[in-house]
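Notes for the one structure printed next.
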Amino acid sequence: MLELGQIEGLDRVLVLPQVGSTNDYASQVLDQRPEDWGAFNLIATDTQTRGRGRLDRIWLAPAGKNLALSFLIRPLFSTQTLPLEGYHWLGSLAALALADSLGRMGVAASLKWPNDLLIGQKKLAGILTQLLPEKEGGYALVVGLGLNVNLEAAELPVEGATSLLLATGRPHELGALAGEIASSFAAYYRAFEAAGWNPQTPLDLDGRQASLLERLESQTSTLGRRVTLHLPGGQQVQGVAEGLTPGGELELRADSGEIRAYRVGDLVHLRPAES
Ligand code: BTN
């Protein structure tokens, strides 16, 4: 079982020896006993048996080797209202916080739009965010982060995945890593809150006066690449990822020349030979 001590900036940390899905668990506890949870909480395990991924996929991980972290976030505790259309930024904050934590360990990771973490072109971590209704109105958000930590090559769940063990050549202590990621995310959350939830206001965080949007632009390796975007209805668009809109949508110049911004979709980075 994970060992997590007190983590700065978190209202509550719950470690589970095993659970189906930490995101589902967060939804249940909020429904049953909302009074037990503050503004920024973590439910964590190293053994998730029915992990869920984006777009109704499953998220697989062998027992005891990976981190499954669900941050149960309740913006209703904030004095400034976070409008519903701003909730998606919290997934981006988690991705940036994770990239920062990895950077401090000497691991260079980039973001693949919207919130995947890559090492080179291989996926190290994914994030699934879900809105949860609050009894007294408004919404909480669960930001579920799955990080491949101590997986050997033969244990990778899918082709195109990697792990910290494979990237660094050494195993990592899961509890310490979870604590580092959680305090980094909490610091990002508080800084974004202090910035009035404005993605264009500099975040008072690490001495860099860069806004959330600027940080995303500089760390998203999708930008400037040829990509295929698979849209929810089954259609797909191929083109060049030109940038992010002020709302965080991906701006794509399709091969037809049309430029459009997309909020959701499953993105594939194309290698030059595929373009
Ligand atoms: C993706 O498809 O890339 C997102 C994967 C998200 C997995 C994490 S693991 C912790 C949390 N609990 C879940 O059931 N899913 C998320």
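Here's how to read the names in the structure tokens: chain A, B, ... by the order shown, residue numbers from 1 in each chain, ligand numbers from 1 in the order shown.
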Sorted per-residue table, chain A near ligand 1, closest atoms and distance, 7 Å, only C-alpha atoms and all ligand atoms, as JSON lines:
```
{"residue": "A:Ser21", "atom": "CA", "partner": "ligand 1", "partner_atom_place_in_ligand_line": "14 (O)", "distance": 3.9}
{"residue": "A:Thr22", "atom": "CA", "partner": "ligand 1", "partner_atom_place_in_ligand_line": "12 (N)", "distance": 4.3}
{"residue": "A:Asn23", "atom": "CA", "partner": "ligand 1", "partner_atom_place_in_ligand_line": "12 (N)", "distance": 4.3}
{"residue": "A:Asp24", "atom": "CA", "partner": "ligand 1", "partner_atom_place_in_ligand_line": "14 (O)", "distance": 6.5}
{"residue": "A:Arg50", "atom": "CA", "partner": "ligand 1", "partner_atom_place_in_ligand_line": "14 (O)", "distance": 6.5}
{"residue": "A:Gly51", "atom": "CA", "partner": "ligand 1", "partner_atom_place_in_ligand_line": "14 (O)", "distance": 3.5}
{"residue": "A:Arg52", "atom": "CA", "partner": "ligand 1", "partner_atom_place_in_ligand_line": "14 (O)", "distance": 3.7}
{"residue": "A:Gly53", "atom": "CA", "partner": "ligand 1", "partner_atom_place_in_ligand_line": "2 (O)", "distance": 3.3}
{"residue": "A:Arg54", "atom": "CA", "partner": "ligand 1", "partner_atom_place_in_ligand_line": "2 (O)", "distance": 3.7}
{"residue": "A:Leu55", "atom": "CA", "partner": "ligand 1", "partner_atom_place_in_ligand_line": "2 (O)", "distance": 6.9}
{"residue": "A:Arg57", "atom": "CA", "partner": "ligand 1", "partner_atom_place_in_ligand_line": "2 (O)", "distance": 6.4}
{"residue": "A:Trp59", "atom": "CA", "partner": "ligand 1", "partner_atom_place_in_ligand_line": "7 (C)", "distance": 5.6}
{"residue": "A:Ala68", "atom": "CA", "partner": "ligand 1", "partner_atom_place_in_ligand_line": "10 (C)", "distance": 3.9}
{"residue": "A:Leu69", "atom": "CA", "partner": "ligand 1", "partner_atom_place_in_ligand_line": "10 (C)", "distance": 4.8}
{"residue": "A:Ser70", "atom": "CA", "partner": "ligand 1", "partner_atom_place_in_ligand_line": "11 (C)", "distance": 5.3}
{"residue": "A:Asp116", "atom": "CA", "partner": "ligand 1", "partner_atom_place_in_ligand_line": "3 (O)", "distance": 6.1}
{"residue": "A:Ala125", "atom": "CA", "partner": "ligand 1", "partner_atom_place_in_ligand_line": "3 (O)", "distance": 6.6}
{"residue": "A:Gly126", "atom": "CA", "partner": "ligand 1", "partner_atom_place_in_ligand_line": "3 (O)", "distance": 3.4}
{"residue": "A:Ile127", "atom": "CA", "partner": "ligand 1", "partner_atom_place_in_ligand_line": "4 (C)", "distance": 4.1}
{"residue": "A:Leu128", "atom": "CA", "partner": "ligand 1", "partner_atom_place_in_ligand_line": "4 (C)", "distance": 4.4}
{"residue": "A:Gly144", "atom": "CA", "partner": "ligand 1", "partner_atom_place_in_ligand_line": "11 (C)", "distance": 3.7}
{"residue": "A:Leu145", "atom": "CA", "partner": "ligand 1", "partner_atom_place_in_ligand_line": "8 (C)", "distance": 4.3}
{"residue": "A:Gly146", "atom": "CA", "partner": "ligand 1", "partner_atom_place_in_ligand_line": "9 (S)", "distance": 3.6}
```
ask   = Residues at most 7 Å from Ile181 in chain A, counting only C-alpha atoms, excluding those fewer than 5 positions away in the same chain, as a list in words?
value = Ala97, Leu98 and Ser101 of chain A
Could the residues in this selection be saved with all heavy atoms as a PDB file, in the first residue's frame?
```pdb
ATOM      1  N   ALA A  97       1.417  20.509 -13.627  1.00  0.00           N
ATOM      2  CA  ALA A  97       2.014  20.194 -12.319  1.00  0.00           C
ATOM      3  C   ALA A  97       2.802  18.897 -12.400  1.00  0.00           C
ATOM      4  O   ALA A  97       3.905  18.777 -11.841  1.00  0.00           O
ATOM      5  CB  ALA A  97       0.919  20.078 -11.264  1.00  0.00           C
ATOM      6  N   LEU A  98       2.248  17.926 -13.119  1.00  0.00           N
ATOM      7  CA  LEU A  98       2.958  16.655 -13.266  1.00  0.00           C
ATOM      8  C   LEU A  98       4.245  16.852 -14.074  1.00  0.00           C
ATOM      9  O   LEU A  98       5.307  16.329 -13.716  1.00  0.00           O
ATOM     10  CB  LEU A  98       2.035  15.624 -13.940  1.00  0.00           C
ATOM     11  CG  LEU A  98       2.661  14.279 -14.272  1.00  0.00           C
ATOM     12  CD1 LEU A  98       3.256  13.614 -13.030  1.00  0.00           C
ATOM     13  CD2 LEU A  98       1.620  13.351 -14.904  1.00  0.00           C
ATOM     14  N   SER A 101       6.818  18.338 -11.832  1.00  0.00           N
ATOM     15  CA  SER A 101       7.355  17.357 -10.878  1.00  0.00           C
ATOM     16  C   SER A 101       8.375  16.458 -11.577  1.00  0.00           C
ATOM     17  O   SER A 101       9.441  16.171 -11.027  1.00  0.00           O
ATOM     18  CB  SER A 101       6.241  16.474 -10.310  1.00  0.00           C
ATOM     19  OG  SER A 101       5.342  17.250  -9.578  1.00  0.00           O
TER      20      SER A 101
END
```
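With distances restricted to only C-alpha atoms, A:Asp36 is the closest residue to Asp11 in chain A from A:Glu242, A:Asp36, A:Glu249, A:Glu134.
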ask   = Can you list, as a ChimeraX atom specification, every protein, DNA or RNA residue that comes within 12 Å of Ile259 in chain A when you count only C-alpha atoms, leaving out same-chain residues fewer than 4 positions away?
value = /A:237-245,250-255
Generate a file of the selected residues that holds N, CA, C and O atoms, formatted as an mmCIF file, in the first residue's frame.
```cif
data_model
loop_
_atom_site.group_PDB
_atom_site.id
_atom_site.type_symbol
_atom_site.label_atom_id
_atom_site.label_comp_id
_atom_site.auth_asym_id
_atom_site.auth_seq_id
_atom_site.Cartn_x
_atom_site.Cartn_y
_atom_site.Cartn_z
ATOM 1 N N VAL A 237 -10.070 14.701 -38.766
ATOM 2 C CA VAL A 237 -9.474 15.831 -39.486
ATOM 3 C C VAL A 237 -7.969 15.659 -39.426
ATOM 4 O O VAL A 237 -7.416 15.365 -38.372
ATOM 5 N N GLN A 238 -7.324 15.874 -40.563
ATOM 6 C CA GLN A 238 -5.862 15.819 -40.567
ATOM 7 C C GLN A 238 -5.323 17.202 -40.926
ATOM 8 O O GLN A 238 -5.888 17.891 -41.772
ATOM 9 N N GLY A 239 -4.270 17.593 -40.272
ATOM 10 C CA GLY A 239 -3.703 18.907 -40.558
ATOM 11 C C GLY A 239 -2.594 19.242 -39.593
ATOM 12 O O GLY A 239 -1.993 18.352 -38.991
ATOM 13 N N VAL A 240 -2.342 20.545 -39.450
ATOM 14 C CA VAL A 240 -1.265 21.002 -38.563
ATOM 15 C C VAL A 240 -1.879 21.717 -37.363
ATOM 16 O O VAL A 240 -2.765 22.561 -37.518
ATOM 17 N N ALA A 241 -1.409 21.334 -36.167
ATOM 18 C CA ALA A 241 -1.878 21.983 -34.927
ATOM 19 C C ALA A 241 -1.183 23.332 -34.836
ATOM 20 O O ALA A 241 0.023 23.410 -34.645
ATOM 21 N N GLU A 242 -1.965 24.398 -34.990
ATOM 22 C CA GLU A 242 -1.346 25.730 -35.092
ATOM 23 C C GLU A 242 -1.198 26.427 -33.753
ATOM 24 O O GLU A 242 -0.306 27.241 -33.586
ATOM 25 N N GLY A 243 -2.111 26.141 -32.833
ATOM 26 C CA GLY A 243 -2.008 26.846 -31.551
ATOM 27 C C GLY A 243 -3.181 26.516 -30.655
ATOM 28 O O GLY A 243 -3.995 25.639 -30.966
ATOM 29 N N LEU A 244 -3.221 27.228 -29.532
ATOM 30 C CA LEU A 244 -4.340 27.095 -28.601
ATOM 31 C C LEU A 244 -5.134 28.395 -28.636
ATOM 32 O O LEU A 244 -4.548 29.479 -28.719
ATOM 33 N N THR A 245 -6.440 28.287 -28.573
ATOM 34 C CA THR A 245 -7.253 29.504 -28.482
ATOM 35 C C THR A 245 -7.204 30.012 -27.037
ATOM 36 O O THR A 245 -6.799 29.272 -26.131
ATOM 37 N N LEU A 250 -7.931 23.456 -29.330
ATOM 38 C CA LEU A 250 -6.830 23.234 -30.262
ATOM 39 C C LEU A 250 -7.203 23.819 -31.621
ATOM 40 O O LEU A 250 -8.246 23.482 -32.196
ATOM 41 N N GLU A 251 -6.332 24.684 -32.128
ATOM 42 C CA GLU A 251 -6.578 25.307 -33.424
ATOM 43 C C GLU A 251 -5.847 24.488 -34.478
ATOM 44 O O GLU A 251 -4.628 24.325 -34.396
ATOM 45 N N LEU A 252 -6.627 23.978 -35.420
ATOM 46 C CA LEU A 252 -6.077 23.058 -36.409
ATOM 47 C C LEU A 252 -6.246 23.633 -37.809
ATOM 48 O O LEU A 252 -7.352 24.054 -38.167
ATOM 49 N N ARG A 253 -5.140 23.659 -38.583
ATOM 50 C CA ARG A 253 -5.255 24.036 -39.992
ATOM 51 C C ARG A 253 -5.370 22.736 -40.782
ATOM 52 O O ARG A 253 -4.394 21.986 -40.938
ATOM 53 N N ALA A 254 -6.585 22.442 -41.254
ATOM 54 C CA ALA A 254 -6.820 21.186 -41.971
ATOM 55 C C ALA A 254 -6.143 21.239 -43.333
ATOM 56 O O ALA A 254 -5.822 22.327 -43.844
ATOM 57 N N ASP A 255 -5.928 20.072 -43.922
ATOM 58 C CA ASP A 255 -5.288 20.033 -45.241
ATOM 59 C C ASP A 255 -6.120 20.772 -46.290
ATOM 60 O O ASP A 255 -5.597 21.215 -47.303
#
```
ask   = At what distance in Å, to one decimal, does CA of Glu85 in chain A lie from CA of Glu258 in chain A?
value = 25.4 Å
ask   = What does the distance from CA of Ile43 in chain A to CA of Glu173 in chain A come to in Å, to one decimal?
value = 17.6 Å
request  = Per DSSP on the backbone, filter range 87-206 of chain A down to the residues in strand (DSSP E) and report them as an MDAnalysis selection string.
outcome  = chainID A and resid 110:112 116:119 122:133 139:147
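Residue nearest Ala186 in chain A, chosen from A:Leu14, A:Leu96, A:Val268, A:Ala61 and counting only C-alpha atoms: A:Leu96.
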task = In Å, rounded to a single decimal, give me how far CA of Arg271 in chain A is from CA of Leu223 in chain A.
result =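 Separating CA of Leu223 in chain A from CA of Arg271 in chain A is a distance of 13.6 Å.
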Secondary structure check, alpha helix (DSSP H) residues of range 57-240 of chain A, as a count of residues only = 50
task = Within 12 Å of Leu174 in chain A, counting only C-alpha atoms, which residues show up once you throw out same-chain ones fewer than 2 positions away? Write them as a list in words, please.
result = Met1, Leu2, Glu3, Leu4, Val15, Ala44, Thr45, Asp46, Thr47, Gly64, Lys65, Asn66, Leu67, Ala68, Leu69, Leu147, Asn148, Val149, Asn150, Leu164, Leu165, Pro171, His172, Ala176, Leu177, Ala178, Gly179, Glu180 and Ile181 of chain A
task = Rank A:Leu141, A:Leu131, A:Ala39, A:Leu93 by their smallest atom-to-atom distance to Tyr188 in chain A, using only C-alpha atoms, and report the top residue only.
result =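 Under the stated criterion, the closest residue is A:Leu93.
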message = Nearest residue to Phe77 in chain A out of A:Ala95, A:Tyr262, A:Pro62, A:Arg190, using only C-alpha atoms?
response =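 For Phe77 in chain A, the nearest of the given residues is A:Arg190.
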With the cut-off set at 8 Å and counting only C-alpha atoms, tabulate each residue of range 35-145 of chain A with an atom at most that distance from an atom of range 194-198 of chain A, showing the nearest atom pair and its distance in Å to one decimal, ordered by chain and increasing number, as a Markdown table.
```
| residue | atom | partner | partner_atom | distance |
| --- | --- | --- | --- | --- |
| A:Gln80 | CA | A:Gly196 | CA | 6.9 |
| A:Leu82 | CA | A:Trp197 | CA | 6.5 |
| A:Gly86 | CA | A:Trp197 | CA | 7.5 |
```
For the residues selected in the previous step, produce a file with all heavy atoms as a compact mmCIF listing (two decimals), in the first residue's frame.
```txt
# COMPACT_ATOMS: atom_id res chain seq x y z
N GLN A 80 -14.17 33.22 -5.14
CA GLN A 80 -14.47 33.65 -6.52
C GLN A 80 -15.04 32.48 -7.29
O GLN A 80 -14.45 31.40 -7.32
CB GLN A 80 -13.19 34.06 -7.23
CG GLN A 80 -12.57 35.31 -6.70
CD GLN A 80 -11.59 35.84 -7.71
OE1 GLN A 80 -11.95 36.21 -8.81
NE2 GLN A 80 -10.32 35.85 -7.34
N LEU A 82 -15.76 29.89 -10.03
CA LEU A 82 -15.14 29.37 -11.26
C LEU A 82 -16.28 28.98 -12.20
O LEU A 82 -17.06 28.07 -11.90
CB LEU A 82 -14.27 28.15 -10.95
CG LEU A 82 -13.72 27.37 -12.15
CD1 LEU A 82 -12.80 28.24 -13.01
CD2 LEU A 82 -12.96 26.13 -11.70
N GLY A 86 -14.90 27.10 -17.29
CA GLY A 86 -13.48 27.18 -16.91
C GLY A 86 -12.97 25.91 -16.23
O GLY A 86 -11.78 25.79 -15.97
```
query = Using only C-alpha atoms, which of A:Gly265, A:Gly175, A:Gly207, A:Gly20 sits nearest Gly5 in chain A?
reply = A:Gly175
message = Can you tell me which residues surround Ala99 in chain A at a distance of at most 12 Å, considering only C-alpha atoms, apart from same-chain residues fewer than 3 positions away, and format the answer as a PyMOL selection string?
response = chain A and resi 92-96+102-112+115-119+124-126+147+180-181+184-185+188+215-216+218-220
Give me, as a PDB file with C-alpha atoms, in the first residue's frame, all polymer residues having an atom no more than 12 Å from Pro83 in chain A, counting only C-alpha atoms and skipping those fewer than 4 positions away in the same chain.
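Saved the output as result.pdb:
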```pdb
ATOM      1  CA  PRO A  75     -14.422  25.228  -6.394  1.00  0.00           C
ATOM      2  CA  LEU A  76     -17.553  26.130  -4.378  1.00  0.00           C
ATOM      3  CA  SER A  78     -13.546  29.474  -3.373  1.00  0.00           C
ATOM      4  CA  TYR A  87     -13.438  23.750 -15.212  1.00  0.00           C
ATOM      5  CA  HIS A  88     -11.471  22.149 -18.051  1.00  0.00           C
ATOM      6  CA  TRP A  89      -8.449  24.273 -17.069  1.00  0.00           C
ATOM      7  CA  LEU A  90      -8.062  22.156 -13.943  1.00  0.00           C
ATOM      8  CA  GLY A 138     -22.905  23.790  -8.876  1.00  0.00           C
ATOM      9  CA  TYR A 139     -20.260  21.187  -9.541  1.00  0.00           C
ATOM     10  CA  ALA A 140     -17.179  19.558  -8.103  1.00  0.00           C
ATOM     11  CA  GLU A 193      -7.455  30.659  -7.958  1.00  0.00           C
ATOM     12  CA  GLY A 196      -9.003  34.925 -10.529  1.00  0.00           C
ATOM     13  CA  TRP A 197      -9.243  31.704 -12.611  1.00  0.00           C
ATOM     14  CA  ASN A 198      -7.971  33.723 -15.547  1.00  0.00           C
TER      15      ASN A 198
END
```
